[in-house]
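Okay, so here's the structure we're looking at.
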Number of protein chains: 4
Amino acid sequence: MIIVMKADILPESPETALVVQMAERYPDVHAEVRKIQGATRVLTEVYLLGSTGNVPVDIFEEFPAVEKAIRIRERYRSIGRHEGQAESLGFEYNGVAFTQENLHVFAGLCAVDNRTNVEVMFKALQGVGLQTARAGAYKPRTSPYDFQGYGKECLPYVFELAGKYGIKVVAMEVTSGAQVDEIFAALAASGQATGVMLQIGTRNAQNFELLKVVGQQHELPVLFKRGMGISLDESLNACEYLAASGNYKIVFCLRGMKTQYGDPHRNLVDFGHVPVVKRLTRLPVCIDPSHSVGKKAQAPDGLLDIEHATAQGVIAGANMVLVDFHPHPEEALCDGPQALLMNELVPYLRDVEIVRAAYEQRRAART
Amino acid sequence: MIIVMKADILPESPETALVVQMAERYPDVHAEVRKIQGATRVLTEVYLLGSTGNVPVDIFEEFPAVEKAIRIRERYRSIGRHEGQAESLGFEYNGVAFTQENLHVFAGLCAVDNRTNVEVMFKALQGVGLQTARAGAYKPRTSPYDFQGYGKECLPYVFELAGKYGIKVVAMEVTSGAQVDEIFAALAASGQATGVMLQIGTRNAQNFELLKVVGQQHELPVLFKRGMGISLDESLNACEYLAASGNYKIVFCLRGMKTQYGDPHRNLVDFGHVPVVKRLTRLPVCIDPSHSVGKKAQAPDGLLDIEHATAQGVIAGANMVLVDFHPHPEEALCDGPQALLMNELVPYLRDVEIVRAAYEQRRAART
Amino acid sequence: MIIVMKADILPESPETALVVQMAERYPDVHAEVRKIQGATRVLTEVYLLGSTGNVPVDIFEEFPAVEKAIRIRERYRSIGRHEGQAESLGFEYNGVAFTQENLHVFAGLCAVDNRTNVEVMFKALQGVGLQTARAGAYKPRTSPYDFQGYGKECLPYVFELAGKYGIKVVAMEVTSGAQVDEIFAALAASGQATGVMLQIGTRNAQNFELLKVVGQQHELPVLFKRGMGISLDESLNACEYLAASGNYKIVFCLRGMKTQYGDPHRNLVDFGHVPVVKRLTRLPVCIDPSHSVGKKAQAPDGLLDIEHATAQGVIAGANMVLVDFHPHPEEALCDGPQALLMNELVPYLRDVEIVRAAYEQRRAART
Amino acid sequence: MIIVMKADILPESPETALVVQMAERYPDVHAEVRKIQGATRVLTEVYLLGSTGNVPVDIFEEFPAVEKAIRIRERYRSIGRHEGQAESLGFEYNGVAFTQENLHVFAGLCAVDNRTNVEVMFKALQGVGLQTARAGAYKPRTSPYDFQGYGKECLPYVFELAGKYGIKVVAMEVTSGAQVDEIFAALAASGQATGVMLQIGTRNAQNFELLKVVGQQHELPVLFKRGMGISLDESLNACEYLAASGNYKIVFCLRGMKTQYGDPHRNLVDFGHVPVVKRLTRLPVCIDPSHSVGKKAQAPDGLLDIEHATAQGVIAGANMVLVDFHPHPEEALCDGPQALLMNELVPYLRDVEIVRAAYEQRRAART
């Protein structure tokens, strides 16, 4: 059960304490107070865990400080959009707001290869007014003998350059708690020059130990990539591990599904699920057109497949786009063939702008 | 090999005959003259079949009436977009043009149930200015004990009402040559009150005998639905059976793929392949959001998943939309839960209009 | 509802007529009398169709000639194994009995190429005591430009040679009613030199029109191959179309499923479903190791993957094996790489024998 | 490149040192000496890593102590069966030999629930002469709110009881390095009462950090379960991470693939790949019929689907079987419905025996 407090009630307010006290009178019931950063306001919610089956709803709704009490289904307890929860689970990080209503483009290098390419990239992003980037330091690879990323070695210059060019958030995959520690250390060493969004890759979607570790730090937001070979429901349950560990700064990312039907694309683009994830959860939703499409083919209308896939996510309300660019794709250490070129950055963003405007027009027509 | 004649050369022109004559001098080579209805003009193409490996290209390019000679790869010989073939394989039928550049919405009943519902539907379409509809008479069903459609019994009133309300083309699935004959007979009996686009359902995507029969009549256009369980390449090869039998009036339809990943949608929406089919072939591309999504869920932004899926197809350049509406979905004989209501028709079309305008803006930005 | 008559009651017995009469007193109920060839005896069953919901079971069980009355679930009405139906739906054709208890190997040419190869093949089968063979005359192919089989042209010599070498049943795919007619004509012309089992290929698993046509002739048995891209339940429902049209001489064939997981095999071997099909239906179950595995790889233990797949089907109780052999695989018109050689026939059959003996030992240990 | 030393040459022999010295004369080449426990003998192999492209093969074959030098393909460098490597990568652990030639059944509790059930189980195994068991302490679960296993709390009594009843090896899933440490500690505390085989679950098949941690300890063997949603090739590459970290005591486990085609089984049984893994690698191959089938259905022949699946693995040469038993499945904390009962243990093993004898007969017929 979730008890949503009225707008002005804080987690530390005496009214909240009263609700907790009442709840814990029931045997085997434990209450947790959570501060939810919604798109437009901060909410205090009290989560009742344990044997809540016999706890009545109305007893709480009689409290003047309680807005409503919601009996929740078991699944997606923390990230789910339960009956009556209109507010999305947005958050702000390093001055950037992430909600189910807005849109950010994270463009950049799939894998950091050298300082020059990082600098060219970040400078270009600054030139077009972007404050969000991708830059992979740790690269899990199918074979143990493939390049695995420059890791902590490259973090100092990545963060320094991000700071120099006004990048507020860099998305970056991690595969262990040790890497999270390295990132914290490098951020500190850089004088917090920028911020990091930790990516959980598709191969680790059900690596629950990693999810717990990443969820136990509450500072850096997490980009959770849908898993391969499992259902959307299973991916959402895995994502719940993050929230169950206390980190609610989560973005859920669609990245195409590996099936025998995607060909000639690398994966079968699954952005039809953008509205589904927005309905089932309160999380902002990201799309990754580069890994979904996986190649630089162009349609007869002059637009790239990656641009069409991006448009398909954005027209349905996606909140974040993760897209590979590279100054010299032929030098890229991985996934070069899918990276867009620097001179494609402006037209790409212009295209996103057209489509986002259309999405806003669609949404406005319904309200 | 395909020899494309210059713009003013007709199939019956003596220049065309000369090309044929030259081609057939080579042993085991047979030439076929085809009239290709492109988006902006009519083209004459000479197809060389058989042992064309030793036929040189330049010998034809020296003819003043020849625009170019194209050596084609084996696959999608007739429907494929081969090197140098910029023109799409559009066609006109009953006054309606179908190309890779324009867009038509076919709205209507998945399965015809009674005259009243058909009349309500067609009248509503006329009210919003649509001249294209769907109305299923023959319904192949998973179990032999389920309702299989009213078949030829309902054709007279369907065609009569289509004529009454100005519907120019009705899309309708067929599963046998006998049904095609019934449709021809009923159209004749109605005084050609309307036109019919024959649908090949996903279950029959590799029913080559049906494809040959439907391809051997050259009057009615064909809507070919991508097959389940096979690759896009295999579906395109199957579609080629239609063209190999002489019917080039083909629209290729994406309708979602059955996988374990689509849930909670009925199928995994595959509209990321819209630009792919437009690149690999010269066919107009249709999307079927109703069967892809399969349910009437709504996103928090007030738009239905079916509308989001439609938008995803249209923003990427889809040329046709097949969508289920029903005056009383609870009475529908099949697939009721996915049908939109009559009062949802105007907002649906308004939404398509917004997205189509955005697509045209995207395309214009590239030229 | 199914009313099973006692052992000595025939379809034409007056007791059966009485049951029919009683059943049809109920409004909208129609009764059909069927003669079921079980493994050990012939049964008379009365099927009640239509609005049977209100028909009581006990009223029939009071008839002395009735063994039991079974209320059936909707699915697999005719082929299903319903509560209380222990008897399998076996049949005898041209002197060969097909049941859920015995085993037949159909070895031979995937596609007939010439008279010599057919003769070499059939002679070899006679040499090892086999009376069942495969020999494909009609070959549906992915591309319209690939070889489609010699069709009716080769039937005369195939049937003549089958007769000459004592082959009782030849399995052969058909894709249209016209082909069935050609087969009947050629069999007649050969003086019924042999028998034919009609194969429904995986591409036509849901070609309901073909299933109806093939089901409406009750002489030739049918080998139904599981469909690609659909669930086992959907394949069984499709198979039911055959029985619903009156032909109960059906064998259900597993042939591997096309997924992204089968590699390096052509398909993911699905013979784990042998016991499932035997439980859900009363049909004999066939396996097709050649098309499942699709290549001639050998394990370090000296056995071929095709032999291991065969063994996996047989050890679980498969009743029929369809396997490709060819005197000169390099000359084969299709699927040559998966064909076994003539000198592999004896070891192959010896291997089947070892495994079948083990299956019988397993079964005996349970009774 | 791999240089296989002659039978009597040890890793510490001077002849081996000579080979290493010669190899490292080439720039950027590093040599590692490995002791390979084959099925019948111990081999010394020298692995050349780095820029081995220019290193000639014949220079090593001239050494009298060298049996052969094998140029290997990149993939599965350590676990792969390369041209000329006949010997399998077997190993001995705690007195039990694991090879591609023999067979062990690991029966027991999917998840340890209490001491009594563990004792009943182990005692029964002793009663039938088994020295290998499964007993899960750490249970990763789809939802964070499900039971996650008793973890280190139950290890003391599990190991004590294993020792008491003569169990030599207990298979047990781990999901973090911390758990491996707990297991080492508990084994030490028990006085090394038994041994442990660490399982890598299907969800962690591409959790490379875990694979490295588990691979870096060289004492406990590892059971690697094939991953969901990825190809067999990708699973084998992941498994290579273990060997690349120095642990060669690996068994590769097939456990069914999650697809939409497995139903009514939990997964589509993939034991057709038993001979494939034995051919591509030198690892012993395990099958997990309980998780593949996932339910206790019975075929009309009286054998359970789980028994048929087991038989399908064993008849194709599987080397290890992991199967769930439980004294009271209704009390099981997870996967109860697939557990066999204690009174089914003897018939199960008797069935395995029949099938294994048949496999040996098949193999013998080929040599």
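By order of appearance in the structure tokens: chains A, B, ..., then residues from 1 within every chain, and ligands from 1 in the order shown.
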With only C-alpha atoms counted and 10 Å as the cut-off, give the residues of chain D in contact with chain B, each with its shortest interatomic distance in Å and the pair that gives it, as CSV.
```
residue,atom,partner,partner_atom,distance
D:Lys258,CA,B:Gln260,CA,8.3
D:Thr259,CA,B:Gln260,CA,6.1
D:Gln260,CA,B:Gln260,CA,5.1
D:Tyr261,CA,B:Gln260,CA,8.9
```
| as a list in words, which residues of range 171-269 of chain B does DSSP assign to strand (DSSP E)? | Ala171, Met172, Glu173, Gly195, Val196, Met197, Leu198, Gln199, Ile200, Val222, Leu223, Phe224, Lys225, Ile250, Val251, Phe252, Cys253 and Leu254 of chain B
| Within 7 Å of range 279-290 of chain B, counting only C-alpha atoms, which residues qualify if same-chain residues fewer than 6 places away don't, as a ChimeraX atom specification? | /A:299-300 /B:79-81,88-90,98-100,250-255,306,309-310,313,318-324,338
How about saving the chosen residues, C-alpha atoms kept, as a JSON list (two decimals), in the first residue's frame?
```
[["chain", "number", "residue", "atom", "x", "y", "z"],
["A", 299, "ALA", "CA", 15.81, 5.52, -47.21],
["A", 300, "PRO", "CA", 14.89, 6.82, -50.67],
["B", 79, "ILE", "CA", 9.62, -5.62, -57.05],
["B", 80, "GLY", "CA", 13.20, -4.74, -56.01],
["B", 81, "ARG", "CA", 14.78, -1.35, -56.17],
["B", 88, "SER", "CA", 8.85, 3.71, -57.31],
["B", 89, "LEU", "CA", 6.44, 1.03, -58.52],
["B", 90, "GLY", "CA", 3.27, 3.03, -57.91],
["B", 98, "PHE", "CA", -0.77, 4.47, -54.70],
["B", 99, "THR", "CA", 2.91, 5.40, -54.57],
["B", 100, "GLN", "CA", 5.85, 5.50, -52.17],
["B", 250, "ILE", "CA", 1.23, -4.45, -54.95],
["B", 251, "VAL", "CA", 1.34, -2.77, -51.54],
["B", 252, "PHE", "CA", 3.53, -4.39, -48.86],
["B", 253, "CYS", "CA", 2.01, -4.36, -45.37],
["B", 254, "LEU", "CA", 3.81, -4.46, -42.01],
["B", 255, "ARG", "CA", 1.56, -5.84, -39.26],
["B", 306, "ILE", "CA", -2.85, 2.36, -31.72],
["B", 309, "ALA", "CA", 1.85, 3.04, -33.56],
["B", 310, "THR", "CA", 0.11, 4.76, -36.47],
["B", 313, "GLY", "CA", 4.57, 4.38, -39.26],
["B", 318, "ALA", "CA", 4.24, 4.90, -44.59],
["B", 319, "ASN", "CA", 1.95, 5.11, -47.61],
["B", 320, "MET", "CA", -1.13, 3.36, -46.36],
["B", 321, "VAL", "CA", -2.77, 2.65, -43.00],
["B", 322, "LEU", "CA", -5.15, -0.23, -42.38],
["B", 323, "VAL", "CA", -7.09, 0.43, -39.18],
["B", 324, "ASP", "CA", -10.05, -1.24, -37.48],
["B", 338, "GLN", "CA", -8.85, -3.49, -30.91]]
```
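With only C-alpha atoms taken into account, the protein and nucleic acid residues at most 8 Å from Lys68 in chain D (excluding it and anything under 4 positions from it in its own chain) are Ile3, Val4, Met5, Phe60 and Glu61 of chain D.
Look at Gln216 in chain B: the protein and nucleic acid residues within 8 Å of it, using only C-alpha atoms and passing over chain neighbours fewer than 3 places away, are Lys212, Val213, Leu242, Ser245, Gly246 and Asn247 of chain B.
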Residue subset to file, keeping N, CA and C atoms, as a CSV table (one decimal), in the first residue's frame:
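Saved result, part_14.csv, follows:
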```csv
chain,number,residue,atom,x,y,z
B,212,LYS,N,0.2,-17.1,-56.8
B,212,LYS,CA,0.2,-17.2,-58.3
B,212,LYS,C,-1.2,-16.8,-58.8
B,213,VAL,N,-2.2,-17.4,-58.2
B,213,VAL,CA,-3.6,-17.2,-58.7
B,213,VAL,C,-3.9,-15.7,-58.6
B,242,LEU,N,3.9,-12.6,-56.7
B,242,LEU,CA,2.8,-11.8,-57.3
B,242,LEU,C,3.3,-11.2,-58.6
B,245,SER,N,4.0,-13.3,-61.5
B,245,SER,CA,2.8,-13.7,-62.2
B,245,SER,C,2.2,-12.6,-63.0
B,246,GLY,N,2.8,-11.4,-63.0
B,246,GLY,CA,2.4,-10.4,-63.8
B,246,GLY,C,1.6,-9.2,-63.2
B,247,ASN,N,1.3,-9.3,-61.9
B,247,ASN,CA,0.6,-8.2,-61.3
B,247,ASN,C,1.5,-7.4,-60.5
```
| Could you pull out all residues of range 137-262 of chain C with a DSSP call of alpha helix (DSSP H) and give them as number ranges by chain? | C: 155-164, 177-189, 208-216, 232-244
